[in-house]
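The next block is final.cif, given as mmCIF, C-alpha atoms.
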```cif
data_structure
loop_
_atom_site.label_atom_id
_atom_site.label_comp_id
_atom_site.auth_asym_id
_atom_site.auth_seq_id
_atom_site.Cartn_x
_atom_site.Cartn_y
_atom_site.Cartn_z
CA MET A 1 31.46 39.57 12.86
CA ARG A 2 34.98 38.83 13.97
CA ASP A 3 37.19 36.89 11.60
CA VAL A 4 37.75 33.54 13.23
CA SER A 5 39.35 31.90 10.19
CA TRP A 6 42.88 32.25 11.59
CA LEU A 7 41.78 30.49 14.76
CA ARG A 8 40.04 27.78 12.79
CA THR A 9 43.06 27.33 10.55
CA ALA A 10 45.30 26.99 13.59
CA ALA A 11 42.91 24.39 15.03
CA ALA A 12 42.85 22.49 11.70
CA LEU A 13 46.63 22.59 11.57
CA LEU A 14 46.84 21.21 15.10
CA VAL A 15 44.47 18.34 14.29
CA ILE A 16 46.25 17.57 11.01
CA SER A 17 49.72 17.55 12.50
CA THR A 18 48.63 15.52 15.53
CA PHE A 19 46.82 12.83 13.57
CA GLY A 20 49.09 12.96 10.53
CA GLY A 21 52.24 12.93 12.62
CA GLY A 22 50.77 10.16 14.77
CA ALA A 23 49.95 8.08 11.71
CA LEU A 24 53.45 8.58 10.31
CA TRP A 25 54.89 7.67 13.70
CA CYS A 26 52.87 4.44 13.82
CA GLY A 27 53.52 3.58 10.18
CA THR A 28 57.27 3.84 10.61
CA ASP A 29 57.55 2.30 14.11
CA GLY A 30 58.38 5.68 15.61
CA PHE A 31 60.48 6.76 12.61
CA ARG A 32 62.67 3.67 13.06
CA ALA A 33 61.42 1.52 10.17
CA PHE A 34 61.12 2.91 6.67
CA THR A 35 61.39 -0.49 5.02
CA SER A 36 59.36 -3.65 5.55
CA GLU A 37 62.56 -5.50 6.44
CA GLN A 38 63.36 -3.13 9.30
CA ALA A 39 59.74 -3.26 10.47
CA ARG A 40 59.96 -7.07 10.53
CA ARG A 41 63.11 -6.95 12.64
CA ASN A 42 61.57 -4.50 15.10
CA ALA A 43 58.39 -6.57 15.35
CA VAL A 44 60.27 -9.82 16.03
CA ALA A 45 62.50 -8.18 18.64
CA ARG A 46 59.41 -6.76 20.36
CA ALA A 47 57.35 -9.92 20.25
CA PRO A 48 58.99 -13.25 19.36
CA ARG A 49 56.71 -15.28 17.11
CA SER A 50 55.92 -18.94 16.84
CA ILE A 51 56.75 -20.73 13.62
CA PRO A 52 54.89 -23.63 12.01
CA ASP A 53 56.36 -27.02 12.84
CA VAL A 54 57.04 -28.07 9.25
CA ARG A 55 58.89 -31.24 8.27
CA LEU A 56 62.33 -30.61 6.82
CA GLU A 57 64.64 -32.89 4.88
CA SER A 58 68.38 -32.43 5.26
CA ALA A 59 71.04 -32.96 2.58
CA ASP A 60 71.69 -36.50 3.82
CA GLY A 61 68.01 -37.37 3.46
CA ARG A 62 67.07 -37.36 7.16
CA THR A 63 63.82 -35.67 8.09
CA PHE A 64 63.24 -33.54 11.16
CA THR A 65 60.99 -30.73 12.41
CA PHE A 66 61.55 -27.48 14.27
CA ALA A 67 60.22 -29.22 17.39
CA ASP A 68 63.17 -31.64 17.22
CA LEU A 69 65.52 -28.65 17.50
CA ARG A 70 63.95 -27.22 20.64
CA GLY A 71 65.94 -26.96 23.84
CA ARG A 72 68.69 -24.78 22.37
CA PRO A 73 68.69 -21.73 20.15
CA VAL A 74 69.26 -22.22 16.41
CA ALA A 75 70.47 -19.77 13.77
CA VAL A 76 68.37 -20.08 10.60
CA ASP A 77 68.77 -18.56 7.15
CA PHE A 78 66.95 -19.01 3.84
CA VAL A 79 68.92 -19.64 0.66
CA TYR A 80 68.81 -21.48 -2.67
CA THR A 81 71.79 -23.30 -4.06
CA GLN A 82 71.94 -21.58 -7.46
CA CYS A 83 72.02 -18.12 -5.86
CA LYS A 84 74.94 -15.98 -6.96
CA SER A 85 74.30 -12.95 -4.79
CA ILE A 86 73.08 -12.48 -1.24
CA CYS A 87 72.98 -16.21 -0.31
CA THR A 88 76.73 -16.45 -0.83
CA LEU A 89 77.10 -13.73 1.78
CA LEU A 90 74.78 -15.60 4.17
CA SER A 91 76.54 -18.92 3.63
CA ALA A 92 80.00 -17.39 3.96
CA GLY A 93 78.77 -15.91 7.25
CA PHE A 94 77.50 -19.30 8.47
CA GLU A 95 80.80 -20.88 7.42
CA ARG A 96 82.60 -18.28 9.53
CA ILE A 97 80.36 -18.97 12.55
CA ASP A 98 80.75 -22.71 12.10
CA HIS A 99 84.50 -22.39 11.82
CA ALA A 100 84.75 -20.13 14.87
CA GLN A 101 83.02 -22.70 17.07
CA ARG A 102 84.92 -25.73 15.79
CA SER A 103 86.98 -26.00 18.97
CA ARG A 104 83.86 -26.31 21.13
CA THR A 105 82.07 -29.54 21.94
CA ALA A 106 78.95 -30.34 19.95
CA GLY A 107 76.75 -29.41 22.91
CA GLU A 108 78.25 -25.94 23.19
CA ARG A 109 77.89 -25.03 19.55
CA LEU A 110 75.13 -22.89 18.13
CA PRO A 111 73.35 -25.14 15.61
CA LEU A 112 73.03 -23.61 12.14
CA LEU A 113 70.23 -24.39 9.73
CA SER A 114 70.01 -23.23 6.12
CA ILE A 115 66.63 -23.82 4.50
CA SER A 116 66.23 -23.74 0.72
CA PHE A 117 63.07 -22.18 -0.65
CA ASP A 118 63.81 -23.36 -4.21
CA PRO A 119 61.73 -26.44 -5.13
CA ARG A 120 64.49 -27.39 -7.59
CA ASP A 121 66.95 -27.99 -4.75
CA THR A 122 67.25 -31.75 -4.31
CA PRO A 123 69.18 -33.33 -1.40
CA ASP A 124 71.99 -33.92 -3.92
CA ARG A 125 72.22 -30.26 -4.77
CA LEU A 126 72.10 -29.39 -1.07
CA MET A 127 74.96 -31.81 -0.44
CA THR A 128 77.08 -30.21 -3.18
CA TYR A 129 76.34 -26.81 -1.67
CA ALA A 130 77.23 -28.05 1.84
CA THR A 131 80.56 -29.35 0.56
CA ARG A 132 81.33 -26.01 -1.08
CA TYR A 133 80.93 -24.24 2.27
CA HIS A 134 82.44 -27.05 4.38
CA ALA A 135 79.20 -27.67 6.24
CA ASP A 136 79.44 -30.95 8.15
CA GLY A 137 75.70 -31.65 8.23
CA GLN A 138 75.78 -31.81 12.03
CA SER A 139 76.43 -28.37 13.50
CA TRP A 140 75.36 -26.80 10.17
CA ARG A 141 72.53 -28.50 8.38
CA LEU A 142 71.26 -27.73 4.91
CA ALA A 143 67.65 -28.65 4.40
CA ARG A 144 64.63 -28.29 2.18
CA LEU A 145 60.96 -28.69 2.93
CA ARG A 146 59.73 -32.27 2.82
CA ASP A 147 56.46 -30.98 1.45
CA THR A 148 56.79 -27.82 -0.68
CA SER A 149 53.17 -26.89 0.08
CA ASP A 150 54.41 -25.93 3.58
CA LEU A 151 56.67 -23.29 2.09
CA PRO A 152 54.30 -20.27 1.97
CA ALA A 153 53.30 -20.68 5.63
CA LEU A 154 56.91 -21.03 6.74
CA LEU A 155 58.08 -18.01 4.73
CA ARG A 156 55.15 -15.96 6.00
CA ALA A 157 55.95 -16.81 9.62
CA PHE A 158 59.56 -15.75 9.15
CA GLY A 159 58.59 -12.72 7.05
CA ILE A 160 60.59 -13.79 4.00
CA VAL A 161 59.34 -12.57 0.62
CA VAL A 162 60.67 -14.53 -2.35
CA ILE A 163 60.11 -13.23 -5.87
CA PRO A 164 61.17 -15.17 -8.97
CA ASP A 165 63.01 -12.75 -11.26
CA GLY A 166 61.89 -14.59 -14.41
CA ARG A 167 65.42 -15.71 -15.29
CA GLY A 168 65.50 -18.72 -12.98
CA ASP A 169 66.74 -16.76 -10.00
CA PHE A 170 65.00 -15.29 -6.98
CA GLN A 171 65.12 -12.01 -5.13
CA HIS A 172 64.55 -12.40 -1.42
CA ASN A 173 65.18 -10.56 1.82
CA ALA A 174 68.19 -12.07 3.54
CA ALA A 175 68.98 -12.17 7.24
CA VAL A 176 70.20 -14.38 10.06
CA HIS A 177 67.27 -15.53 12.20
CA ILE A 178 67.57 -16.67 15.79
CA VAL A 179 65.00 -19.26 16.82
CA ASP A 180 65.16 -19.48 20.60
CA SER A 181 65.23 -22.60 22.74
CA SER A 182 61.44 -22.69 22.95
CA GLY A 183 61.18 -22.64 19.17
CA ARG A 184 60.14 -19.03 18.65
CA LEU A 185 61.66 -16.63 16.15
CA SER A 186 63.22 -14.12 18.55
CA ARG A 187 65.78 -12.03 16.64
CA VAL A 188 66.59 -11.05 13.07
CA LEU A 189 70.14 -9.90 12.29
CA ASP A 190 71.91 -8.53 9.24
CA ALA A 191 73.09 -11.07 6.69
CA ASN A 192 76.69 -10.10 7.40
CA ALA A 193 76.43 -10.24 11.22
CA THR A 194 79.68 -11.34 12.88
CA PRO A 195 79.91 -14.74 14.65
CA ASP A 196 80.20 -12.88 17.92
CA LEU A 197 77.04 -10.88 17.32
CA VAL A 198 75.08 -13.98 16.29
CA ALA A 199 76.33 -15.90 19.34
CA ARG A 200 75.28 -13.10 21.68
CA ALA A 201 71.89 -12.75 20.01
CA ALA A 202 71.37 -16.50 20.46
CA LEU A 203 72.00 -16.05 24.17
CA GLY A 204 69.31 -13.39 24.21
CA GLN A 205 71.71 -10.46 24.55
CA MET B 1 31.09 19.10 -14.80
CA ILE B 2 33.46 17.63 -17.38
CA ALA B 3 36.38 17.74 -14.91
CA ARG B 4 34.36 15.80 -12.36
CA ALA B 5 33.36 13.20 -14.94
CA VAL B 6 36.99 12.84 -16.02
CA ALA B 7 38.11 12.45 -12.41
CA THR B 8 35.49 9.79 -11.69
CA LEU B 9 36.32 7.90 -14.86
CA LEU B 10 40.06 8.07 -14.12
CA PHE B 11 39.48 6.79 -10.60
CA VAL B 12 37.34 3.89 -11.80
CA VAL B 13 39.92 2.95 -14.43
CA LEU B 14 42.77 3.10 -11.88
CA ALA B 15 40.80 0.94 -9.46
CA THR B 16 40.13 -1.90 -11.91
CA PRO B 17 42.15 -4.99 -10.96
CA ALA B 18 43.82 -5.18 -14.40
CA VAL B 19 45.10 -1.59 -14.30
CA ARG B 20 46.14 -1.90 -10.66
CA GLN B 21 48.07 -5.07 -11.45
CA LEU B 22 49.67 -3.42 -14.48
CA LEU B 23 50.80 -0.27 -12.67
CA GLU B 24 51.79 -1.93 -9.40
CA SER B 25 53.87 -4.70 -10.94
CA VAL B 26 56.59 -2.14 -11.61
CA MET B 27 57.88 0.16 -8.86
CA LEU B 28 58.38 3.07 -11.27
CA THR B 29 54.78 3.08 -12.50
CA HIS B 30 53.45 2.46 -8.99
CA MET B 31 55.25 5.53 -7.64
CA LEU B 32 55.29 7.81 -10.64
CA VAL B 33 52.13 6.94 -12.57
CA GLN B 34 49.51 5.45 -10.27
CA ILE B 35 50.14 7.66 -7.25
CA PRO B 36 50.32 10.95 -9.22
CA LEU B 37 47.15 10.01 -11.14
CA LEU B 38 45.31 9.35 -7.87
CA VAL B 39 46.46 12.77 -6.70
CA ALA B 40 45.23 14.23 -9.99
CA VAL B 41 41.78 12.68 -9.40
CA GLY B 42 41.58 14.54 -6.10
CA ALA B 43 42.94 17.75 -7.60
CA LEU B 44 40.27 17.72 -10.31
CA LEU B 45 37.56 17.17 -7.70
CA GLY B 46 39.02 19.85 -5.42
CA ALA B 47 39.29 22.40 -8.23
CA THR B 48 35.63 21.91 -9.19
CA LEU B 49 34.20 21.94 -5.69
CA PRO B 50 30.95 23.97 -5.46
CA THR B 51 31.76 27.54 -4.37
CA ARG B 52 29.65 27.22 -1.22
CA TRP B 53 31.70 24.24 0.01
CA GLU B 54 34.93 25.85 -1.01
CA ALA B 55 34.10 28.96 1.00
CA ARG B 56 33.24 26.88 4.03
CA LEU B 57 36.50 24.92 3.80
CA ALA B 58 38.47 28.14 3.26
CA GLU B 59 37.40 29.20 6.76
CA TRP B 60 39.62 26.39 8.07
CA ASN B 61 42.32 26.84 5.48
CA ARG B 62 43.47 30.45 5.71
CA GLY B 63 46.36 31.08 3.37
CA GLY B 64 46.19 27.42 2.31
CA VAL B 65 48.32 26.48 5.30
CA SER B 66 46.35 23.60 6.77
CA GLY B 67 45.51 22.11 3.37
CA ILE B 68 49.11 22.07 2.26
CA ALA B 69 50.19 20.58 5.62
CA LEU B 70 47.69 17.76 5.15
CA ALA B 71 48.87 17.11 1.60
CA LEU B 72 52.54 17.11 2.65
CA ILE B 73 52.07 14.74 5.58
CA VAL B 74 49.93 12.24 3.68
CA SER B 75 52.08 12.31 0.55
CA SER B 76 55.26 11.79 2.56
CA TRP B 77 53.83 8.50 3.88
CA TRP B 78 53.45 7.23 0.31
CA MET B 79 57.13 7.97 -0.32
CA VAL B 80 58.15 5.47 2.39
CA PRO B 81 59.23 2.13 0.87
CA ARG B 82 57.34 0.25 3.56
CA ALA B 83 54.11 1.94 2.47
CA LEU B 84 54.51 0.58 -1.06
CA ASP B 85 55.12 -2.93 0.30
CA LEU B 86 52.11 -2.67 2.61
CA ALA B 87 49.87 -1.50 -0.23
CA LEU B 88 50.80 -4.66 -2.13
CA ALA B 89 50.54 -6.99 0.85
CA SER B 90 47.37 -5.71 2.51
CA PRO B 91 44.06 -4.89 0.83
CA ALA B 92 43.22 -2.45 3.65
CA MET B 93 46.38 -0.42 2.98
CA GLU B 94 45.68 -0.54 -0.75
CA ALA B 95 42.20 0.87 -0.08
CA ALA B 96 43.73 3.52 2.18
CA LYS B 97 45.98 4.54 -0.69
CA PHE B 98 43.06 4.91 -3.10
CA VAL B 99 41.14 7.02 -0.58
CA SER B 100 43.92 9.09 0.98
CA LEU B 101 45.74 10.21 -2.16
CA PRO B 102 42.74 11.87 -3.87
CA LEU B 103 41.05 13.07 -0.68
CA PHE B 104 43.98 14.14 1.50
CA VAL B 105 46.60 15.05 -1.09
CA GLY B 106 45.01 15.98 -4.44
CA ALA B 107 41.94 17.85 -3.20
CA PRO B 108 43.67 19.92 -0.48
CA LEU B 109 46.46 20.70 -2.93
CA ALA B 110 44.00 22.12 -5.45
CA LEU B 111 42.17 24.06 -2.73
CA SER B 112 45.33 25.48 -1.15
CA TRP B 113 47.99 26.00 -3.81
CA ARG B 114 46.76 29.38 -5.03
CA ARG B 115 46.05 30.62 -1.51
CA LEU B 116 49.65 29.96 -0.49
CA GLY B 117 51.02 32.98 -2.33
CA SER B 118 54.27 32.91 -4.25
CA LEU B 119 56.41 32.85 -1.10
CA GLY B 120 54.53 29.87 0.35
CA ARG B 121 54.63 28.03 -2.97
CA GLY B 122 58.34 28.63 -3.25
CA PHE B 123 58.85 27.40 0.29
CA VAL B 124 56.91 24.19 -0.34
CA LEU B 125 58.72 23.46 -3.61
CA ALA B 126 62.11 24.24 -2.09
CA ASN B 127 61.40 21.58 0.55
CA VAL B 128 59.61 18.95 -1.47
CA LEU B 129 61.78 18.84 -4.59
CA PRO B 130 65.10 18.21 -2.78
CA MET B 131 63.33 15.58 -0.67
CA TRP B 132 62.21 13.73 -3.82
CA ALA B 133 65.71 14.00 -5.23
CA VAL B 134 67.25 12.61 -2.03
CA VAL B 135 64.74 9.73 -1.88
CA GLY B 136 65.44 9.03 -5.56
CA TRP B 137 69.15 9.04 -4.94
CA LEU B 138 68.76 6.71 -1.94
CA TYR B 139 66.83 4.26 -4.12
CA ILE B 140 69.65 4.31 -6.65
CA ALA B 141 72.54 4.17 -4.18
CA ALA B 142 71.08 1.98 -1.40
CA PRO B 143 73.20 -1.14 -0.95
CA MET B 144 70.04 -3.13 -0.26
CA ARG B 145 66.58 -3.68 -1.56
CA VAL B 146 64.21 -1.21 0.10
CA CYS B 147 60.99 -2.93 -0.98
CA ASN B 148 60.39 -6.63 -0.45
CA TYR B 149 58.06 -6.72 -3.43
CA TYR B 150 60.30 -5.03 -5.98
CA LEU B 151 63.56 -6.12 -7.55
CA VAL B 152 66.72 -4.06 -7.24
CA ASP B 153 66.75 -2.96 -10.89
CA GLN B 154 63.17 -1.67 -10.48
CA GLN B 155 64.24 0.26 -7.42
CA VAL B 156 67.01 1.92 -9.43
CA ALA B 157 64.55 2.78 -12.22
CA ALA B 158 62.11 4.30 -9.71
CA GLY B 159 64.94 6.29 -8.11
CA THR B 160 66.07 7.60 -11.48
CA GLY B 161 62.47 8.51 -12.30
CA LEU B 162 62.11 10.41 -9.02
CA LEU B 163 65.30 12.34 -9.73
CA TRP B 164 63.98 13.29 -13.17
CA VAL B 165 60.58 14.34 -11.82
CA SER B 166 62.26 16.45 -9.15
CA GLY B 167 64.51 18.10 -11.73
CA VAL B 168 61.81 18.72 -14.33
CA VAL B 169 59.29 20.08 -11.81
CA GLY B 170 62.05 22.30 -10.41
CA VAL B 171 62.92 23.73 -13.81
CA VAL B 172 59.27 24.25 -14.79
CA ALA B 173 58.50 25.91 -11.43
CA CYS B 174 61.49 28.22 -11.81
CA ALA B 175 60.48 29.13 -15.37
CA LEU B 176 56.89 29.88 -14.30
CA GLY B 177 58.11 31.80 -11.28
CA PHE B 178 60.43 34.01 -13.31
CA ARG B 179 57.78 34.58 -15.95
CA SER B 180 55.15 35.76 -13.46
CA ASN B 181 57.81 37.81 -11.70
CA GLY B 182 58.69 39.47 -15.02
CA ARG B 183 55.04 40.16 -15.68
CA SER B 184 54.37 41.77 -12.33
CA GLN B 185 57.46 43.92 -12.76
CA ALA B 186 56.31 44.95 -16.24
CA ALA B 187 52.94 45.90 -14.76
CA THR B 188 54.42 48.25 -12.16
#
```
I need this file expressed as structure tokens, please.
Amino acid sequence: MRDVSWLRTAAALLVISTFGGGALWCGTDGFRAFTSEQARRNAVARAPRSIPDVRLESADGRTFTFADLRGRPVAVDFVYTQCKSICTLLSAGFERIDHAQRSRTAGERLPLLSISFDPRDTPDRLMTYATRYHADGQSWRLARLRDTSDLPALLRAFGIVVIPDGRGDFQHNAAVHIVDSSGRLSRVLDANATPDLVARAALGQ
Amino acid sequence: MIARAVATLLFVVLATPAVRQLLESVMLTHMLVQIPLLVAVGALLGATLPTRWEARLAEWNRGGVSGIALALIVSSWWMVPRALDLALASPAMEAAKFVSLPLFVGAPLALSWRRLGSLGRGFVLANVLPMWAVVGWLYIAAPMRVCNYYLVDQQVAAGTGLLWVSGVVGVVACALGFRSNGRSQAAT
């Protein structure tokens, strides 16, 4: 009988590399996402997602929802006031954006919203934080959730994973999120994105 | 018989929620204890496969080429940071890990390694070990967190561990290679 094992091995190799390579391709978004964070950004850019309309409470005690913000795009980030690492980068970035658009009228500005995921952040603490970064509470609002039980659903919708590090701090993925005028999360940018880049992303560019 | 019993026992122990929780709470043990042990389960099962089955599989695995390709492709997925996150976030991916590592990495490795010949083995090691070292180095040097579910210091520990594994396996493989080389030369 002829030895067909070479042929069979070649066939097996073909099947393995097709399916295996295909699975790797799918699992990494076509070799473009090796981390969950990158995969999240790709997924949002491909298909903007709706976010739950939770009730937020700003530093000055006013409450509002995401629905109240509709009609214009909003840049959103997630921080906590005691953070000594990545949040300072995010907030410095928002301060830069806010400063860059100071000369514009209120209607032309890109509204900024920083949401705290730390249940310990009271409106007082948020106010202190806002003062530190010169946030006026109008074009840049600092807020917490009115009802902390809404937090998991909100974080899940945005794709934010927050892990307590056991020493009173949190580790969390940080980014600038663009919520478009119809209230959908439409873009996720690097934490250190320039004001120009954020402004263009808000315009859908 | 004993090897198969050990493999089954090891698998059952690894699959218990307490042990899973213990090993997966730290990136280092997730990558360098749980995953290698799941591969070992498969290797034990592959090495003790009944001869009849082994012969049938060998028909499709001439020179160990297709088996090693399968093991390389599947194991490279479990080196991707996203895969570790997904295994923690989704029960389906966690189940896929427990099935794919023994079945598609450990077993084919055991069935193919010897068939590869020394040249093939050297080729595989010369590709895989530097890859582990580079991934380890990336985990140490990355300016960001690569896994959403693990802290930065854990990522550095896992990276350091990968570097060590790559180095130790490299040294051991070299030592074994030179020894068998010396033996075959002594025989001629």
Answer key for the PyMOL selection byres ((chain A) within 6 of (chain B)), residues as a list in words: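 Here the PyMOL selection byres ((chain A) within 6 of (chain B)) matches Ser5, Arg8, Thr9, Leu13, Phe34, Thr35 and Ser36 of chain A.
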I need the residue set behind the PyMOL selection byres ((chain A and resi 122-139) around 7) for this file; please write it as a compact mmCIF listing (two decimals) with C-alpha atoms, in the frame of the given file.
```txt
# COMPACT_ATOMS: atom_id res chain seq x y z
CA SER A 58 68.38 -32.43 5.26
CA ALA A 59 71.04 -32.96 2.58
CA ASP A 60 71.69 -36.50 3.82
CA GLY A 61 68.01 -37.37 3.46
CA THR A 81 71.79 -23.30 -4.06
CA GLU A 95 80.80 -20.88 7.42
CA PRO A 111 73.35 -25.14 15.61
CA LEU A 112 73.03 -23.61 12.14
CA ARG A 120 64.49 -27.39 -7.59
CA ASP A 121 66.95 -27.99 -4.75
CA TRP A 140 75.36 -26.80 10.17
CA ARG A 141 72.53 -28.50 8.38
CA LEU A 142 71.26 -27.73 4.91
```
Polymer residues at most 10 Å from Ala5 in chain B, all atoms listed in the file, same-chain spacing of 4 or more positions, as a PyMOL selection string: chain B and resi 1+9-11+44-45
I need the chosen residues saved as a PDB file, in the coordinates of the input, with C-alpha atoms.
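Output file again-v9.pdb is given in full below:
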```pdb
ATOM      1  CA  MET B   1      31.090  19.100 -14.800  1.00  0.00           C
ATOM      2  CA  LEU B   9      36.320   7.900 -14.860  1.00  0.00           C
ATOM      3  CA  LEU B  10      40.060   8.070 -14.120  1.00  0.00           C
ATOM      4  CA  PHE B  11      39.480   6.790 -10.600  1.00  0.00           C
ATOM      5  CA  LEU B  44      40.270  17.720 -10.310  1.00  0.00           C
ATOM      6  CA  LEU B  45      37.560  17.170  -7.700  1.00  0.00           C
TER       7      LEU B  45
END
```
Atom pair CA of Arg200 in chain A / CA of Ile178 in chain A: separation (Å):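 CA of Ile178 in chain A lies 10.3 Å from CA of Arg200 in chain A.
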Picked residues, the PyMOL selection byres ((chain A and resi 88-92) around 8), expected as a ChimeraX atom specification: /A:77,79,83-87,93-96,133,174-176,191-192
Near-Gly161 in chain B list (10 Å; all atoms listed in the file; drop same-chain fewer than 3 positions) as a list of chain:residue names: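 Neighbouring residues, sequence-local ones excluded: B:Leu28, B:Thr29, B:Met31, B:Leu32, B:Trp132, B:Ala133, B:Gly136, B:Trp137, B:Gln155, B:Val156, B:Ala157, B:Ala158, B:Trp164, B:Val165, B:Ser166, B:Gly167.
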CA of Leu101 in chain B to CA of Ser75 in chain B, straight-line distance in Å: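 Answer for the CA of Ser75 in chain B to CA of Leu101 in chain B separation: 7.2 Å.
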For Phe117 in chain A, the nearest of the candidates A:Thr194, A:Ser17, A:Ser181, A:Gln171, counting only C-alpha atoms: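 Ranked by minimum distance to Phe117 in chain A, first place goes to A:Gln171.
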Pick from B:Leu103, B:Val169, B:Leu176, B:Leu116 nearest to Val128 in chain B, counting only C-alpha atoms: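 Ranking B:Leu103, B:Val169, B:Leu176, B:Leu116 by distance to Val128 in chain B, first place goes to B:Val169.
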Among the residues A:Phe158, A:Ala106, A:Val179, A:Gly204, the one that comes closest to Arg41 in chain A [using only C-alpha atoms]: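 Using only C-alpha atoms, the shortest distance to Arg41 in chain A belongs to A:Phe158.
Of the residues under consideration (A:Gly183, A:Gly21, A:Pro195, A:Pro152), A:Gly183 shows the shortest atom-to-atom contact distance to Asp68 in chain A when counting only C-alpha atoms.
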Who sits within 9 Å of Val44 in chain A, only C-alpha atoms, same chain under 6 positions skipped, as a PyMOL selection string: chain A and resi 185-188
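Going from CA of Ala110 in chain B over to CA of Arg20 in chain B, you cover 24.7 Å.
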